file query_35.cif (mmCIF, C-alpha atoms and all ligand atoms)
data_target
#
loop_
_atom_site.label_atom_id
_atom_site.label_comp_id
_atom_site.auth_asym_id
_atom_site.auth_seq_id
_atom_site.Cartn_x
_atom_site.Cartn_y
_atom_site.Cartn_z
CA MET N 1 70.97 -43.49 18.38
CA ASP N 2 69.78 -40.35 16.59
CA ASP N 3 66.30 -41.76 16.28
CA ARG N 4 66.16 -42.60 19.92
CA PHE N 5 67.40 -39.17 20.81
CA ASN N 6 64.72 -37.62 18.66
CA THR N 7 62.02 -39.80 20.17
CA ALA N 8 63.16 -38.91 23.67
CA ALA N 9 63.37 -35.22 22.80
CA GLY N 10 59.91 -35.45 21.30
CA TRP N 11 58.47 -36.89 24.46
CA VAL N 12 60.17 -34.26 26.57
CA LEU N 13 58.68 -31.56 24.35
CA PHE N 14 55.28 -33.22 24.47
CA ALA N 15 55.42 -33.46 28.26
CA GLY N 16 56.29 -29.78 28.41
CA ILE N 17 53.31 -28.84 26.25
CA VAL N 18 50.95 -30.99 28.28
CA GLY N 19 52.31 -29.46 31.47
CA LEU N 20 51.79 -25.96 30.14
CA GLY N 21 48.26 -26.85 29.07
CA LEU N 22 47.44 -28.24 32.50
CA ALA N 23 48.79 -25.13 34.17
CA ILE N 24 46.61 -22.90 31.98
CA LEU N 25 43.54 -25.08 32.49
CA SER N 26 43.88 -25.27 36.24
CA GLY N 27 44.56 -21.53 36.32
CA LYS N 28 41.26 -20.94 34.51
CA TYR N 29 39.42 -23.43 36.65
CA PHE N 30 40.56 -21.89 39.92
CA HIS N 31 40.36 -18.28 38.73
CA ALA N 32 43.97 -17.76 39.66
CA ASP N 33 44.02 -14.67 37.46
CA ASN N 34 40.96 -13.21 39.14
CA PRO N 35 41.03 -14.11 42.80
CA GLU N 36 37.75 -13.43 44.54
CA ARG N 37 38.72 -12.14 47.96
CA PRO N 38 35.96 -11.52 50.47
CA GLU N 39 35.63 -7.85 51.26
CA GLN N 40 36.18 -8.44 54.95
CA LEU N 41 38.88 -10.85 55.95
CA GLY N 42 38.01 -12.53 59.21
CA TYR N 43 35.85 -11.01 61.90
CA VAL N 44 36.29 -9.69 65.39
CA ILE N 45 34.90 -11.66 68.30
CA GLU N 46 33.80 -9.37 71.12
CA GLY N 47 35.61 -9.86 74.35
CA VAL N 48 38.54 -11.74 72.86
CA ASP N 49 41.89 -10.35 73.88
CA THR N 50 43.52 -8.80 70.81
CA GLU N 51 46.37 -7.29 72.77
CA GLU N 52 48.93 -9.44 70.96
CA GLU N 53 48.13 -7.64 67.71
CA GLU N 54 48.91 -4.25 69.16
CA SER N 55 52.36 -2.87 68.63
CA GLY N 56 54.81 -2.78 71.48
CA PRO N 57 56.22 -5.54 73.64
CA SER N 58 53.93 -8.40 74.62
CA ARG N 59 52.46 -8.78 78.09
CA ALA N 60 54.85 -11.61 78.88
CA THR N 61 57.83 -9.48 77.94
CA LEU N 62 56.57 -6.57 80.07
CA ILE N 63 55.99 -8.87 83.02
CA ALA N 64 59.44 -10.40 82.64
CA SER N 65 61.09 -7.00 82.82
CA ALA N 66 58.88 -5.43 85.51
CA THR N 67 60.13 -5.08 89.08
CA ALA N 68 58.24 -5.05 92.36
CA ALA N 69 59.77 -1.64 93.12
CA GLN N 70 58.15 -0.16 90.00
CA GLY N 71 54.93 -1.85 91.03
CA GLU N 72 55.07 -0.38 94.51
CA ALA N 73 55.09 3.12 92.99
CA VAL N 74 52.04 2.25 90.87
CA PHE N 75 50.30 0.73 93.89
CA ALA N 76 50.16 4.22 95.43
CA LYS N 77 47.07 4.65 93.23
CA CYS N 78 45.42 1.66 94.90
CA MET N 79 46.26 2.37 98.53
CA ALA N 80 43.26 4.59 99.12
CA CYS N 81 41.19 1.41 99.01
CA HIS N 82 43.54 -1.59 99.35
CA THR N 83 46.13 -3.00 101.71
CA VAL N 84 48.44 -5.76 100.48
CA GLU N 85 50.25 -7.06 103.59
CA GLN N 86 49.35 -10.47 104.95
CA GLY N 87 46.50 -10.02 107.40
CA GLY N 88 46.02 -6.39 106.30
CA ALA N 89 42.60 -4.87 106.80
CA ASN N 90 39.89 -4.71 104.18
CA GLY N 91 39.08 -1.12 103.34
CA VAL N 92 36.88 0.24 100.59
CA GLY N 93 38.40 -2.68 98.65
CA PRO N 94 39.52 -6.09 99.93
CA ASN N 95 43.00 -6.82 101.28
CA LEU N 96 45.03 -8.07 98.29
CA TYR N 97 47.52 -10.42 99.96
CA GLY N 98 48.05 -13.47 97.74
CA VAL N 99 45.51 -12.37 95.14
CA MET N 100 47.57 -13.39 92.09
CA GLY N 101 46.51 -16.94 91.25
CA ALA N 102 43.79 -16.92 93.92
CA ALA N 103 40.09 -17.45 93.32
CA LYS N 104 38.29 -14.22 92.45
CA ALA N 105 36.35 -12.45 95.19
CA ALA N 106 37.59 -14.87 97.85
CA LYS N 107 38.72 -12.66 100.77
CA SER N 108 36.61 -13.50 103.75
CA GLY N 109 34.92 -10.64 105.50
CA PHE N 110 34.68 -8.44 102.41
CA GLY N 111 31.37 -7.68 100.76
CA TYR N 112 32.05 -8.10 97.05
CA SER N 113 29.64 -6.99 94.39
CA SER N 114 27.57 -9.82 93.00
CA ALA N 115 29.04 -9.02 89.58
CA LEU N 116 32.57 -9.93 90.70
CA SER N 117 31.67 -12.74 93.09
CA GLY N 118 29.47 -14.31 90.42
CA MET N 119 32.31 -14.53 87.91
CA GLY N 120 34.16 -17.55 89.21
CA GLY N 121 37.62 -18.65 88.19
CA GLU N 122 41.02 -17.48 89.32
CA TRP N 123 43.11 -14.38 88.81
CA THR N 124 45.60 -15.10 86.02
CA TRP N 125 48.09 -12.75 84.37
CA GLU N 126 45.71 -12.37 81.45
CA ASN N 127 42.48 -11.60 83.28
CA MET N 128 44.18 -9.51 85.99
CA ASP N 129 45.71 -7.44 83.18
CA ALA N 130 42.28 -6.95 81.61
CA TRP N 131 40.72 -6.13 84.99
CA LEU N 132 43.35 -3.56 85.88
CA ALA N 133 43.14 -1.97 82.43
CA SER N 134 39.45 -1.35 82.97
CA PRO N 135 37.69 -2.80 86.02
CA ARG N 136 34.27 -1.81 84.73
CA GLY N 137 35.08 -2.98 81.23
CA TYR N 138 36.06 -6.39 82.56
CA VAL N 139 33.30 -6.79 85.17
CA SER N 140 30.38 -4.52 84.44
CA GLY N 141 28.68 -3.77 87.72
CA THR N 142 31.82 -4.03 89.84
CA SER N 143 32.03 -1.82 92.91
CA MET N 144 35.72 -1.06 92.27
CA ASN N 145 35.40 2.60 91.47
CA PHE N 146 38.66 2.98 89.61
CA ALA N 147 39.13 4.00 85.98
CA GLY N 148 41.97 1.58 85.32
CA LEU N 149 45.66 1.67 84.43
CA SER N 150 45.97 2.47 80.73
CA LYS N 151 49.72 1.78 80.53
CA PRO N 152 50.53 -1.93 79.99
CA GLU N 153 53.90 -1.52 81.74
CA GLU N 154 52.17 -0.14 84.86
CA ARG N 155 49.80 -3.10 84.93
CA ALA N 156 52.71 -5.52 84.54
CA ALA N 157 54.62 -3.82 87.36
CA VAL N 158 51.70 -3.75 89.79
CA MET N 159 50.99 -7.45 89.08
CA ILE N 160 54.61 -8.28 89.92
CA TYR N 161 54.21 -6.24 93.10
CA LEU N 162 51.03 -8.13 94.02
CA GLN N 163 52.74 -11.43 93.24
CA SER N 164 55.56 -10.50 95.62
CA TYR N 165 52.92 -10.54 98.38
CA GLY N 166 52.12 -14.22 98.51
CA GLY N 167 51.01 -14.58 94.90
CA VAL N 168 51.42 -18.00 93.36
CA ALA N 169 50.85 -17.40 89.65
CA GLU N 170 53.90 -18.41 87.62
CA ARG N 171 55.21 -15.71 85.34
CA PRO N 172 54.04 -16.40 81.79
CA GLU N 173 56.55 -17.68 79.23
CA GLU N 174 58.31 -15.00 77.25
CA ALA N 175 56.81 -14.47 73.84
CA PRO N 176 59.58 -14.96 71.23
CA ALA N 177 59.75 -18.78 71.52
CA GLU N 178 55.99 -18.95 71.18
CA GLU N 179 55.97 -16.72 68.12
CA THR N 180 58.50 -18.75 66.17
CA ALA N 181 56.66 -21.96 66.99
CA GLU N 182 53.44 -20.45 65.67
CA ALA N 183 55.12 -19.16 62.52
CA GLU N 184 56.47 -22.64 61.81
CA THR N 185 53.12 -24.35 62.19
CA GLU N 186 51.56 -21.77 59.93
CA ALA N 187 54.20 -22.37 57.26
CA ASP N 188 53.63 -26.13 57.50
CA ALA N 189 49.91 -25.71 57.23
CA SER N 190 50.10 -23.55 54.12
CA ASP N 191 52.52 -26.02 52.50
CA GLU N 192 50.03 -28.79 53.10
CA ALA N 193 47.17 -26.72 51.77
CA GLU N 194 49.14 -26.01 48.60
CA ALA N 195 50.00 -29.65 48.07
CA ALA N 196 46.35 -30.61 48.55
CA ALA N 197 45.23 -27.94 46.07
CA GLU N 198 47.69 -29.25 43.50
CA GLN N 199 46.42 -32.79 43.93
CA ASP N 200 42.87 -31.61 43.53
CA ALA N 201 43.77 -29.75 40.37
CA ALA N 202 45.41 -32.84 38.90
CA ALA N 203 42.39 -34.98 39.80
CA GLU N 204 39.96 -32.52 38.21
CA VAL N 205 41.93 -32.41 34.96
CA ASN N 206 42.15 -36.22 34.83
CA GLU N 207 38.41 -36.52 35.25
CA GLY N 208 37.80 -33.90 32.60
CA GLY N 209 40.01 -35.76 30.14
CA GLU N 210 38.14 -39.04 30.38
C1 LIG A 1 38.26 3.58 94.89
C2 LIG A 1 38.67 2.38 95.55
C3 LIG A 1 39.58 1.43 94.79
C4 LIG A 1 40.75 1.71 94.14
C5 LIG A 1 41.43 3.04 93.94
C6 LIG A 1 41.24 0.43 93.67
N1 LIG A 1 40.38 -0.57 94.02
FE1 LIG A 1 40.63 -2.54 93.66
N2 LIG A 1 38.83 -2.95 94.47
C7 LIG A 1 37.99 -2.01 95.04
C8 LIG A 1 36.74 -2.64 95.38
C9 LIG A 1 35.52 -1.97 96.02
C10 LIG A 1 36.85 -3.99 94.99
C11 LIG A 1 35.78 -5.06 95.05
C12 LIG A 1 35.09 -5.04 93.69
C13 LIG A 1 33.80 -5.83 93.60
O1 LIG A 1 33.43 -6.53 94.53
O2 LIG A 1 33.18 -5.74 92.51
C14 LIG A 1 38.19 -4.16 94.44
C15 LIG A 1 38.71 -5.35 93.97
C16 LIG A 1 39.98 -5.52 93.51
C17 LIG A 1 40.57 -6.77 93.12
C18 LIG A 1 39.88 -8.14 93.18
C19 LIG A 1 40.16 -8.74 94.55
C20 LIG A 1 39.61 -10.14 94.75
O3 LIG A 1 39.65 -10.59 95.89
O4 LIG A 1 39.17 -10.79 93.79
C21 LIG A 1 41.85 -6.53 92.74
C22 LIG A 1 42.85 -7.54 92.25
C23 LIG A 1 42.06 -5.12 92.86
N3 LIG A 1 40.92 -4.54 93.33
C24 LIG A 1 43.24 -4.49 92.55
C25 LIG A 1 43.40 -3.11 92.55
C26 LIG A 1 44.60 -2.45 92.12
C27 LIG A 1 45.89 -3.16 91.68
C28 LIG A 1 44.38 -1.12 92.21
C29 LIG A 1 45.31 0.01 91.83
C30 LIG A 1 45.86 -0.01 90.50
C31 LIG A 1 43.02 -0.95 92.71
N4 LIG A 1 42.46 -2.18 92.89
C32 LIG A 1 42.43 0.27 92.97
C33 LIG A 1 38.27 -0.69 95.23
C34 LIG A 1 39.36 -0.02 94.70
#

call {"tool": "encode", "arguments": {"input": "query_35.cif", "output": "structure tokens", "more": "lines below"}}
Ligand code: HEC
result
Amino acid sequence: MDDRFNTAAGWVLFAGIVGLGLAILSGKYFHADNPERPEQLGYVIEGVDTEEEESGPSRATLIASATAAQGEAVFAKCMACHTVEQGGANGVGPNLYGVMGAAKAAKSGFGYSSALSGMGGEWTWENMDAWLASPRGYVSGTSMNFAGLSKPEERAAVMIYLQSYGGVAERPEEAPAEETAEAETEADASDEAEAAAEQDAAAEVNEGGE
């Protein structure tokens, strides 16, 4: 009984020592004590929307809380060039009835710049937001001679106003649900990466021991 206990205790001790050794070895091997981080983490891709990283409520949240009445006030800045009623006349700019969700540069009887008409695609919440923030930034060579709306909440409101005139684009989902889903996937991914790294470490040590 005593003997057996001693033997068992011995093995437990031995296992502990081996474990400690492995931890030290793998630490050395992977430079855990001296992590080599690249000087620049990640890189910026031109033209990619980084709005989400900015502080303040997300676009979806702003759109969800915007009202057409707020948008109507903002639209005063557009009325020098645009009408919005169904069948309204084109002016300096095209009539904007139903523009949300519509193909870009699609109003008949309006002479669009080749820059805008050559773009293709439809007006979504994302690209309309970018366009209204800076028409010339979004479409260089556009004939819309307007500096842009720098306030995200004004852009959200005017988009809701446009949508109330025959627009079809669904309001985007609110952000919070999306964010938690992303956070979870990230957590899962890093767990997996850790497990894989541990397996690798074990494999390396086994090979080394042979
Ligand atoms: C100084 C005149 C002017 C003002 C002010 C102006 N726009 Fe425009 N807008 C234009 C012109 C011109 C075009 C056509 C651009 C082109 O063809 O490149 C245009 C195009 C557009 C389009 C694209 C339409 C389509 O059929 O694809 C939208 C949307 C738009 N404007 C929204 C607005 C909003 C919203 C405002 C106010 C916040 C505004 N504009 C202010 C002149 C103006």

call {"tool": "closest_atom_pairs", "arguments": {"input": "query_35.cif", "of": "chain N", "to": "ligand LIG 1 (chain A)", "cutoff": "8 Å", "atoms": "only C-alpha atoms and all ligand atoms", "output": "Markdown table"}}
result
| residue | atom | partner | partner_atom | distance |
| --- | --- | --- | --- | --- |
| N:Val74 | CA | A:LIG1 | C30 | 6.6 |
| N:Phe75 | CA | A:LIG1 | C29 | 5.4 |
| N:Ala76 | CA | A:LIG1 | C29 | 7.4 |
| N:Lys77 | CA | A:LIG1 | C29 | 5.2 |
| N:Cys78 | CA | A:LIG1 | C29 | 3.5 |
| N:Met79 | CA | A:LIG1 | C5 | 6.7 |
| N:Ala80 | CA | A:LIG1 | C5 | 5.7 |
| N:Cys81 | CA | A:LIG1 | C2 | 4.4 |
| N:His82 | CA | A:LIG1 | N1 | 6.3 |
| N:Val92 | CA | A:LIG1 | C9 | 5.3 |
| N:Gly93 | CA | A:LIG1 | C8 | 3.7 |
| N:Pro94 | CA | A:LIG1 | C14 | 6.0 |
| N:Asn95 | CA | A:LIG1 | O3 | 7.4 |
| N:Leu96 | CA | A:LIG1 | C19 | 6.2 |
| N:Val99 | CA | A:LIG1 | O3 | 6.2 |
| N:Met100 | CA | A:LIG1 | C22 | 7.5 |
| N:Ala102 | CA | A:LIG1 | O4 | 7.7 |
| N:Ala103 | CA | A:LIG1 | O4 | 6.7 |
| N:Lys104 | CA | A:LIG1 | O4 | 3.8 |
| N:Ala105 | CA | A:LIG1 | O4 | 3.6 |
| N:Ala106 | CA | A:LIG1 | O3 | 5.1 |
| N:Lys107 | CA | A:LIG1 | O3 | 5.4 |
| N:Gly111 | CA | A:LIG1 | O1 | 6.7 |
| N:Tyr112 | CA | A:LIG1 | O1 | 3.3 |
| N:Ser113 | CA | A:LIG1 | O1 | 3.8 |
| N:Ser114 | CA | A:LIG1 | O1 | 6.9 |
| N:Ala115 | CA | A:LIG1 | O2 | 6.0 |
| N:Leu116 | CA | A:LIG1 | O2 | 4.6 |
| N:Ser117 | CA | A:LIG1 | O1 | 6.6 |
| N:Trp123 | CA | A:LIG1 | O4 | 7.3 |
| N:Met128 | CA | A:LIG1 | C22 | 6.7 |
| N:Trp131 | CA | A:LIG1 | C22 | 7.7 |
| N:Leu132 | CA | A:LIG1 | C30 | 6.3 |
| N:Val139 | CA | A:LIG1 | O2 | 7.4 |
| N:Gly141 | CA | A:LIG1 | O2 | 6.9 |
| N:Thr142 | CA | A:LIG1 | O2 | 3.5 |
| N:Ser143 | CA | A:LIG1 | O2 | 4.1 |
| N:Met144 | CA | A:LIG1 | C8 | 3.6 |
| N:Asn145 | CA | A:LIG1 | C1 | 4.6 |
| N:Phe146 | CA | A:LIG1 | C5 | 5.1 |
| N:Gly148 | CA | A:LIG1 | C30 | 6.7 |
| N:Leu149 | CA | A:LIG1 | C30 | 6.3 |
| N:Arg155 | CA | A:LIG1 | C30 | 7.5 |
| N:Val158 | CA | A:LIG1 | C27 | 6.1 |
| N:Met159 | CA | A:LIG1 | C27 | 7.2 |
| N:Leu162 | CA | A:LIG1 | C27 | 7.5 |

call {"tool": "atom_distance", "arguments": {"input": "query_35.cif", "atom1": "atom CA of N:Gly120", "atom2": "atom CA of N:Arg171"}}
result
21.5 Å

call {"tool": "atom_distance", "arguments": {"input": "query_35.cif", "atom1": "atom CA of N:Ala73", "atom2": "atom CA of N:Gly121"}}
result
28.3 Å

call {"tool": "closest_residue", "arguments": {"input": "query_35.cif", "among": "N:Tyr138, N:Glu154, N:Asn90, N:Glu170", "to": "N:Trp125", "atoms": "all atoms listed in the file"}}
result
N:Glu170

call {"tool": "atom_distance", "arguments": {"input": "query_35.cif", "atom1": "atom CA of N:Glu173", "atom2": "atom CA of N:Ser65"}}
result
12.1 Å

call {"tool": "closest_residue", "arguments": {"input": "query_35.cif", "among": "N:Phe110, N:Trp11, N:Tyr165, N:Phe5", "to": "N:Glu85", "atoms": "only C-alpha atoms"}}
result
N:Tyr165

call {"tool": "closest_residue", "arguments": {"input": "query_35.cif", "among": "N:Gly91, N:Gly16, N:Pro152, N:Gly118", "to": "N:Ser134", "atoms": "all atoms listed in the file"}}
result
N:Pro152

call {"tool": "closest_residue", "arguments": {"input": "query_35.cif", "among": "N:Ser108, N:Gln70, N:Ser140, N:Asn127", "to": "N:Ala157", "atoms": "all atoms listed in the file"}}
result
N:Gln70
